[in-house]
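What follows is the content of protein-v7.txt, which has compact mmCIF, C-alpha atoms and all ligand atoms:
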```txt
# COMPACT_ATOMS: atom_id res chain seq x y z
CA MET A 1 17.29 -12.66 11.05
CA MET A 2 15.29 -11.04 8.32
CA SER A 3 17.32 -9.81 5.36
CA SER A 4 16.42 -6.45 3.88
CA GLN A 5 15.35 -8.31 0.73
CA SER A 6 12.39 -9.68 2.62
CA ILE A 7 10.80 -6.25 2.83
CA PRO A 8 8.96 -5.58 -0.42
CA ARG A 9 10.25 -2.51 -2.22
CA HIS A 10 7.01 -1.89 -4.10
CA VAL A 11 3.57 -2.79 -2.74
CA ALA A 12 0.28 -2.25 -4.58
CA ILE A 13 -3.13 -2.48 -2.93
CA ILE A 14 -6.60 -3.03 -4.39
CA MET A 15 -8.59 -1.21 -1.71
CA ASP A 16 -11.82 -3.19 -1.90
CA GLY A 17 -14.76 -3.70 0.45
CA ASN A 18 -15.85 -0.17 1.39
CA GLY A 19 -19.44 -0.70 0.26
CA ARG A 20 -19.86 -3.95 2.18
CA TRP A 21 -18.27 -2.41 5.27
CA ALA A 22 -20.88 0.36 5.21
CA LYS A 23 -23.73 -2.04 4.51
CA GLN A 24 -22.75 -4.14 7.54
CA ARG A 25 -23.31 -1.01 9.60
CA GLY A 26 -26.64 -0.18 7.99
CA LYS A 27 -25.13 2.84 6.21
CA ILE A 28 -24.97 3.89 2.56
CA ARG A 29 -21.97 2.78 0.47
CA THR A 30 -20.32 6.18 0.40
CA PHE A 31 -19.98 6.06 4.21
CA GLY A 32 -17.55 3.22 3.59
CA HIS A 33 -15.53 5.23 1.07
CA LYS A 34 -15.16 8.02 3.61
CA ALA A 35 -14.07 5.54 6.29
CA GLY A 36 -11.54 4.11 3.84
CA VAL A 37 -9.56 7.35 3.86
CA ASP A 38 -8.25 6.48 7.36
CA SER A 39 -6.87 3.21 6.00
CA VAL A 40 -5.10 5.10 3.23
CA ARG A 41 -3.44 7.28 5.87
CA SER A 42 -2.38 4.35 8.04
CA SER A 43 -1.04 2.43 5.04
CA VAL A 44 1.15 5.37 4.06
CA THR A 45 2.40 5.66 7.64
CA TYR A 46 3.16 1.95 7.79
CA ALA A 47 4.92 1.94 4.41
CA ARG A 48 7.21 4.79 5.49
CA LYS A 49 7.99 3.17 8.83
CA LYS A 50 8.76 -0.15 7.17
CA GLY A 51 11.04 1.33 4.52
CA ILE A 52 8.84 0.33 1.59
CA GLN A 53 9.93 2.51 -1.35
CA VAL A 54 6.79 2.59 -3.46
CA LEU A 55 3.12 2.23 -2.48
CA THR A 56 0.56 2.08 -5.31
CA LEU A 57 -3.12 2.35 -4.33
CA PHE A 58 -6.04 1.50 -6.61
CA ALA A 59 -8.54 4.26 -5.87
CA PHE A 60 -10.81 4.22 -8.93
CA SER A 61 -10.82 1.83 -11.86
CA SER A 62 -11.72 2.61 -15.47
CA GLU A 63 -14.76 0.36 -14.90
CA ASN A 64 -15.93 2.19 -11.76
CA TRP A 65 -17.56 4.86 -13.97
CA ASN A 66 -20.30 2.27 -14.48
CA ARG A 67 -21.48 2.70 -10.88
CA PRO A 68 -24.53 4.82 -10.02
CA ALA A 69 -23.84 8.48 -10.82
CA ASP A 70 -24.28 9.65 -7.24
CA GLU A 71 -21.65 7.19 -5.96
CA VAL A 72 -19.21 8.27 -8.70
CA GLY A 73 -19.93 11.90 -7.77
CA VAL A 74 -19.15 11.32 -4.11
CA LEU A 75 -15.93 9.47 -4.99
CA MET A 76 -14.76 12.40 -7.15
CA GLU A 77 -15.60 14.93 -4.42
CA LEU A 78 -13.80 12.78 -1.86
CA PHE A 79 -10.74 12.58 -4.10
CA LYS A 80 -10.67 16.39 -4.40
CA LEU A 81 -11.18 16.86 -0.69
CA VAL A 82 -8.49 14.39 0.31
CA LEU A 83 -6.02 15.87 -2.15
CA LYS A 84 -6.62 19.25 -0.57
CA SER A 85 -6.44 18.12 3.03
CA GLU A 86 -3.60 15.57 2.80
CA VAL A 87 -1.00 16.98 0.43
CA LYS A 88 0.68 19.24 2.98
CA ARG A 89 0.99 16.38 5.42
CA LEU A 90 2.41 14.10 2.71
CA HIS A 91 4.91 16.79 1.78
CA LYS A 92 5.94 17.27 5.41
CA ASN A 93 6.49 13.52 5.63
CA ASP A 94 8.75 13.56 2.55
CA VAL A 95 6.27 11.56 0.44
CA ARG A 96 6.26 12.00 -3.33
CA LEU A 97 2.74 11.83 -4.75
CA LYS A 98 1.94 10.66 -8.26
CA VAL A 99 -1.46 10.07 -9.81
CA VAL A 100 -1.51 7.40 -12.50
CA GLY A 101 -4.34 6.72 -14.90
CA ASP A 102 -6.25 8.39 -17.72
CA LEU A 103 -6.82 11.89 -16.35
CA SER A 104 -8.60 13.08 -19.48
CA ARG A 105 -11.97 12.20 -17.98
CA PHE A 106 -11.48 14.25 -14.81
CA ASP A 107 -12.61 17.85 -14.55
CA GLU A 108 -10.04 20.58 -15.08
CA LYS A 109 -10.02 21.72 -11.47
CA LEU A 110 -9.17 18.24 -10.25
CA VAL A 111 -6.40 17.79 -12.84
CA THR A 112 -4.88 21.16 -11.85
CA ARG A 113 -4.96 20.15 -8.19
CA ILE A 114 -3.28 16.83 -9.05
CA ARG A 115 -0.52 18.51 -11.09
CA GLU A 116 0.13 21.04 -8.30
CA ALA A 117 0.40 18.29 -5.70
CA GLU A 118 2.78 16.30 -7.89
CA ALA A 119 4.95 19.34 -8.53
CA MET A 120 5.06 20.28 -4.85
CA THR A 121 6.16 16.81 -3.73
CA ALA A 122 8.36 15.94 -6.74
CA GLY A 123 11.63 16.12 -4.81
CA ASN A 124 10.57 13.95 -1.86
CA GLN A 125 12.49 10.77 -1.14
CA SER A 126 10.99 8.75 1.72
CA LEU A 127 8.17 7.09 -0.21
CA VAL A 128 6.60 7.26 -3.65
CA LEU A 129 2.82 7.15 -3.32
CA ASN A 130 1.04 6.33 -6.59
CA ILE A 131 -2.70 6.83 -6.62
CA ALA A 132 -4.28 4.91 -9.49
CA ALA A 133 -7.35 6.86 -10.61
CA ASN A 134 -9.32 6.05 -13.75
CA TYR A 135 -6.66 3.43 -14.14
CA GLY A 136 -6.94 0.17 -16.03
CA GLY A 137 -4.16 -2.33 -16.67
CA ARG A 138 -5.22 -2.73 -20.30
CA TRP A 139 -5.36 1.05 -20.74
CA ASP A 140 -1.77 1.26 -19.43
CA ILE A 141 -0.52 -1.33 -21.94
CA VAL A 142 -2.39 0.31 -24.81
CA GLN A 143 -1.16 3.83 -24.00
CA ALA A 144 2.44 2.53 -23.87
CA ALA A 145 1.95 0.85 -27.27
CA ARG A 146 0.57 4.09 -28.69
CA GLN A 147 3.55 6.12 -27.44
CA LEU A 148 5.95 3.62 -29.00
CA ALA A 149 4.01 3.64 -32.29
CA ASP A 150 4.20 7.45 -32.37
CA LYS A 151 7.96 7.32 -31.82
CA VAL A 152 8.44 4.77 -34.59
CA LYS A 153 6.24 6.82 -36.90
CA SER A 154 8.22 10.00 -36.25
CA GLY A 155 11.51 8.17 -36.78
CA GLU A 156 12.66 8.72 -33.20
CA MET A 157 12.76 4.95 -32.70
CA ASP A 158 13.11 1.82 -34.77
CA SER A 159 10.54 -0.96 -34.25
CA ALA A 160 13.45 -3.33 -33.53
CA GLN A 161 14.13 -1.28 -30.39
CA ILE A 162 10.78 -2.25 -28.91
CA ASP A 163 11.58 -4.79 -26.23
CA GLU A 164 10.44 -5.44 -22.67
CA THR A 165 12.72 -2.72 -21.29
CA SER A 166 11.63 0.02 -23.69
CA PHE A 167 8.00 -1.04 -23.39
CA ASP A 168 8.19 -0.92 -19.60
CA ALA A 169 9.70 2.57 -19.82
CA HIS A 170 6.44 3.80 -21.37
CA THR A 171 4.10 2.32 -18.77
CA SER A 172 2.63 4.39 -15.94
CA LEU A 173 4.97 3.13 -13.21
CA SER A 174 8.19 3.34 -15.22
CA GLY A 175 11.36 4.22 -13.38
CA LEU A 176 10.13 2.79 -10.07
CA ALA A 177 11.03 -0.46 -8.34
CA ASP A 178 9.40 -3.56 -9.83
CA LEU A 179 6.16 -4.58 -8.15
CA ASP A 180 6.90 -7.09 -5.37
CA LEU A 181 3.58 -7.55 -3.61
CA LEU A 182 -0.06 -7.05 -4.58
CA ILE A 183 -2.55 -6.98 -1.71
CA ARG A 184 -6.31 -7.15 -2.28
CA THR A 185 -8.66 -6.53 0.62
CA GLY A 186 -12.36 -7.40 0.63
CA GLY A 187 -12.13 -11.13 0.04
CA GLU A 188 -12.21 -11.36 -3.76
CA SER A 189 -9.42 -13.28 -5.49
CA ARG A 190 -9.15 -11.31 -8.71
CA VAL A 191 -7.09 -8.56 -10.26
CA SER A 192 -9.96 -6.44 -11.70
CA ASN A 193 -7.82 -4.92 -14.48
CA PHE A 194 -5.20 -3.47 -12.12
CA LEU A 195 -1.46 -3.61 -12.92
CA LEU A 196 -1.48 -6.30 -15.60
CA TRP A 197 1.97 -5.67 -17.07
CA GLN A 198 3.60 -5.06 -13.70
CA LEU A 199 2.11 -8.18 -12.05
CA ALA A 200 4.34 -10.58 -14.00
CA TYR A 201 6.35 -11.73 -10.96
CA ALA A 202 4.59 -10.04 -8.07
CA GLU A 203 3.51 -12.06 -5.05
CA LEU A 204 -0.27 -12.00 -4.51
CA TYR A 205 -1.93 -11.65 -1.11
CA PHE A 206 -5.69 -11.77 -0.63
CA THR A 207 -7.32 -10.92 2.69
CA SER A 208 -10.97 -10.95 3.70
CA ALA A 209 -10.43 -7.77 5.75
CA LEU A 210 -12.59 -5.01 4.29
CA TRP A 211 -10.62 -1.90 3.33
CA PRO A 212 -11.79 0.33 6.24
CA ASP A 213 -10.65 -2.48 8.59
CA PHE A 214 -7.19 -2.72 6.98
CA THR A 215 -5.02 -1.48 9.85
CA GLU A 216 -1.23 -1.28 10.18
CA GLN A 217 -1.39 -4.74 11.82
CA GLU A 218 -3.19 -6.13 8.76
CA PHE A 219 -0.52 -4.60 6.52
CA GLU A 220 2.14 -6.15 8.77
CA LEU A 221 0.51 -9.59 8.30
CA ALA A 222 0.71 -9.20 4.53
CA VAL A 223 4.37 -8.18 4.64
CA ALA A 224 5.20 -11.05 7.01
CA ASP A 225 3.50 -13.47 4.61
CA PHE A 226 5.52 -12.02 1.73
CA SER A 227 8.75 -12.31 3.72
CA ALA A 228 8.20 -16.02 4.33
CA ARG A 229 7.87 -16.81 0.62
CA GLN A 230 10.58 -18.04 -1.69
CA ARG A 231 10.63 -16.12 -4.95
CA ARG A 232 12.18 -18.26 -7.65
CA PHE A 233 11.68 -16.25 -10.86
CA GLY A 234 11.69 -19.46 -12.89
CA LYS A 235 14.74 -21.00 -11.19
CA THR A 236 14.77 -24.04 -8.89
CA GLY A 237 14.53 -23.71 -5.13
CA GLU A 238 18.11 -24.98 -4.81
CA GLN A 239 19.41 -22.30 -7.15
CA VAL A 240 17.73 -19.58 -5.15
CA GLU A 241 18.85 -20.77 -1.69
CA VAL A 242 22.25 -19.33 -0.88
C1 LIG B 301 -13.62 -0.25 -3.17
O1 LIG B 301 -14.72 -0.59 -2.42
C2 LIG B 301 -13.60 1.23 -3.52
C3 LIG B 301 -13.81 1.52 -4.94
C4 LIG B 301 -13.97 0.62 -5.89
C5 LIG B 301 -13.85 2.91 -5.32
P1 LIG B 301 -16.10 -1.01 -3.10
O2 LIG B 301 -16.91 0.21 -3.29
O3 LIG B 301 -15.85 -1.80 -4.33
O4 LIG B 301 -16.74 -1.91 -1.97
P2 LIG B 301 -17.52 -3.27 -2.18
O5 LIG B 301 -16.64 -4.19 -2.95
O6 LIG B 301 -18.77 -2.95 -2.92
O7 LIG B 301 -17.78 -3.76 -0.79
C1 LIG B 302 -11.45 -2.74 -7.83
O1 LIG B 302 -12.57 -2.97 -7.03
C2 LIG B 302 -11.22 -1.28 -8.02
C3 LIG B 302 -10.79 -0.53 -6.85
C4 LIG B 302 -10.59 -1.01 -5.66
C5 LIG B 302 -10.56 0.87 -7.06
P1 LIG B 302 -14.00 -3.26 -7.66
O2 LIG B 302 -14.93 -3.41 -6.52
O3 LIG B 302 -14.34 -2.24 -8.67
O4 LIG B 302 -13.75 -4.65 -8.41
P2 LIG B 302 -14.79 -5.75 -8.90
O5 LIG B 302 -15.86 -5.03 -9.66
O6 LIG B 302 -15.36 -6.42 -7.69
O7 LIG B 302 -13.99 -6.70 -9.73
MG MG B 303 -15.67 -3.78 -4.72
```
Taking this structure as input, can you express it in the form of structure tokens?
Amino acid sequence: MMSSQSIPRHVAIIMDGNGRWAKQRGKIRTFGHKAGVDSVRSSVTYARKKGIQVLTLFAFSSENWNRPADEVGVLMELFKLVLKSEVKRLHKNDVRLKVVGDLSRFDEKLVTRIREAEAMTAGNQSLVLNIAANYGGRWDIVQAARQLADKVKSGEMDSAQIDETSFDAHTSLSGLADLDLLIRTGGESRVSNFLLWQLAYAELYFTSALWPDFTEQEFELAVADFSARQRRFGKTGEQVEV
């Protein structure tokens, strides 16, 4: 029998491989990004069905601005479009949407749309869906450090109070379940500046499936793999076996 502990509470996904998926079909890269939206939908559906509490999706990294301007443009338009078309459905399905990342580089209209969607879904309980946009793991650590420095400077906090707990409380995913499982599609075995702080004890799962091919069955394979692992958190196997 599978204990409830074997279902990850918080799963993050690096949604990689859209460009290659399109190329394989003789299409332009952005065709792959559009196809990837279906995988986002099915991942959310699967996460809700499975009782996963938090799903964090890497949609756009702080380094992705270095791509050709027309690809960046299409990604931004797609983000706006999807926000508009999906938020009602997310709300109906009791999903709480949060966008994490440095929003200062997004245009005002997009930021307004993000804030409205977050406000609308703020009370939902079935799943927290974090979309990481203009997100970088190093940015997250630095912005937490800056918040703490400001608090020490203003006298609200003493530097001696800076510890792992208070630091964590200032990171983008604070207040949510610890990250249990990181999935990366697209065949690369790297983290690409995603959740650096949060990855400390996460299980890593790499699949060659390209993001538009990442179906509910593929997600199920990742969760099954996770469930079969023994997480020791520094202890011995004997200590962990009950
Ligand atoms: C991931 O797919 C989507 C984003 C980074 C926005 P890619 O666009 O990186 O696809 P590949 O890796 O080039 O195939
Ligand atoms: C990581 O994919 C970012 C997202 C999936 C949003 P990349 O395709 O940008 O990563 P690298 O460049 O291969 O490391
Ligand atoms: Mg890529």
Using all atoms listed in the file, find each residue in region 68-181 of chain A having at least one atom no more than 8 Å away from region 14-35 of chain A; report its shortest atom-to-atom pair and that distance in Å (one decimal), rows by chain then rising number, as a Markdown table.
```
| residue | atom | partner | partner_atom | distance |
| --- | --- | --- | --- | --- |
| A:Glu71 | CA | A:Thr30 | CA | 6.6 |
| A:Val74 | CA | A:Thr30 | CA | 6.9 |
| A:Leu75 | CA | A:His33 | CA | 7.4 |
| A:Leu78 | CA | A:Lys34 | CA | 7.4 |
```
If we count all atoms listed in the file, what is near Ser208 (chain A) at a cut-off of 9 Å, once residues fewer than 5 positions away on the same chain are taken out, given as a tab-separated table (two decimals) with C-alpha atoms, in the frame of the given file?
```tsv
chain	number	residue	atom	x	y	z
A	17	GLY	CA	-14.76	-3.70	0.45
A	184	ARG	CA	-6.31	-7.15	-2.28
A	185	THR	CA	-8.66	-6.53	0.62
A	186	GLY	CA	-12.36	-7.40	0.63
A	187	GLY	CA	-12.13	-11.13	0.04
A	188	GLU	CA	-12.21	-11.36	-3.76
```
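Among the candidate residues A:Glu63, A:Lys80, A:Lys88, A:Ile141, the one lying nearest to Ile114 (chain A) is A:Lys80, with distances computed using only C-alpha atoms.
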Which residues of region 29-142 of chain A have any atom within 12 Å of an atom in region 197-200 of chain A when counting all atoms listed in the file, and what is the closest pair of atoms for each, with the distance in Å to one decimal? Order the rows by chain and rising number and write it as CSV.
```
residue,atom,partner,partner_atom,distance
A:Thr56,CA,A:Gln198,CA,11.4
A:Gly136,CA,A:Trp197,CA,10.7
A:Gly137,CA,A:Trp197,CA,7.0
A:Arg138,CA,A:Trp197,CA,8.4
A:Trp139,CA,A:Trp197,CA,10.6
A:Asp140,CA,A:Trp197,CA,8.2
A:Ile141,CA,A:Trp197,CA,7.0
A:Val142,CA,A:Trp197,CA,10.7
```
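Using all atoms listed in the file, the smallest distance between any of A:Val54, A:Ala59, A:Leu196, A:Leu179 and ligand MG 303 (chain B) comes from A:Ala59.
Put simply, atom O7 of ligand LIG 302 (chain B) is 21.2 Å away from CA of Phe219 (chain A).
Between Tyr201 (chain A) and the residues A:Arg41, A:Arg232, A:Phe226, A:Gly155, the shortest atom-to-atom distance, using all atoms listed in the file, involves A:Arg232.
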What gap, in Å, lies between atom O2 of ligand LIG 301 (chain B) and CA of Tyr46 (chain A)? 23.0 Å
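Among the candidate residues A:Phe214, A:Phe106, A:Phe58, A:Phe206, the one lying nearest to ligand LIG 302 (chain B) is A:Phe58, with distances computed using only C-alpha atoms and all ligand atoms.
Between CA of Val223 (chain A) and atom O7 of ligand LIG 302 (chain B) there is a distance of 23.4 Å.
Take the candidates A:Ala209, A:Phe233, A:Leu129, A:Asn64 and check each one against ligand MG 303 (chain B) using all atoms listed in the file; the shortest distance goes to A:Asn64.
Considering all atoms listed in the file, the residue among A:Asp70, A:Thr236, A:Lys151, A:Leu83 positioned nearest to Leu110 (chain A) is A:Leu83.
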Can you tell me which residues surround Ile162 (chain A) at a distance of at most 9 Å, considering all atoms listed in the file, apart from same-chain residues fewer than 5 positions away, and format the answer as a VMD selection string? chain A and resid 148 157 167
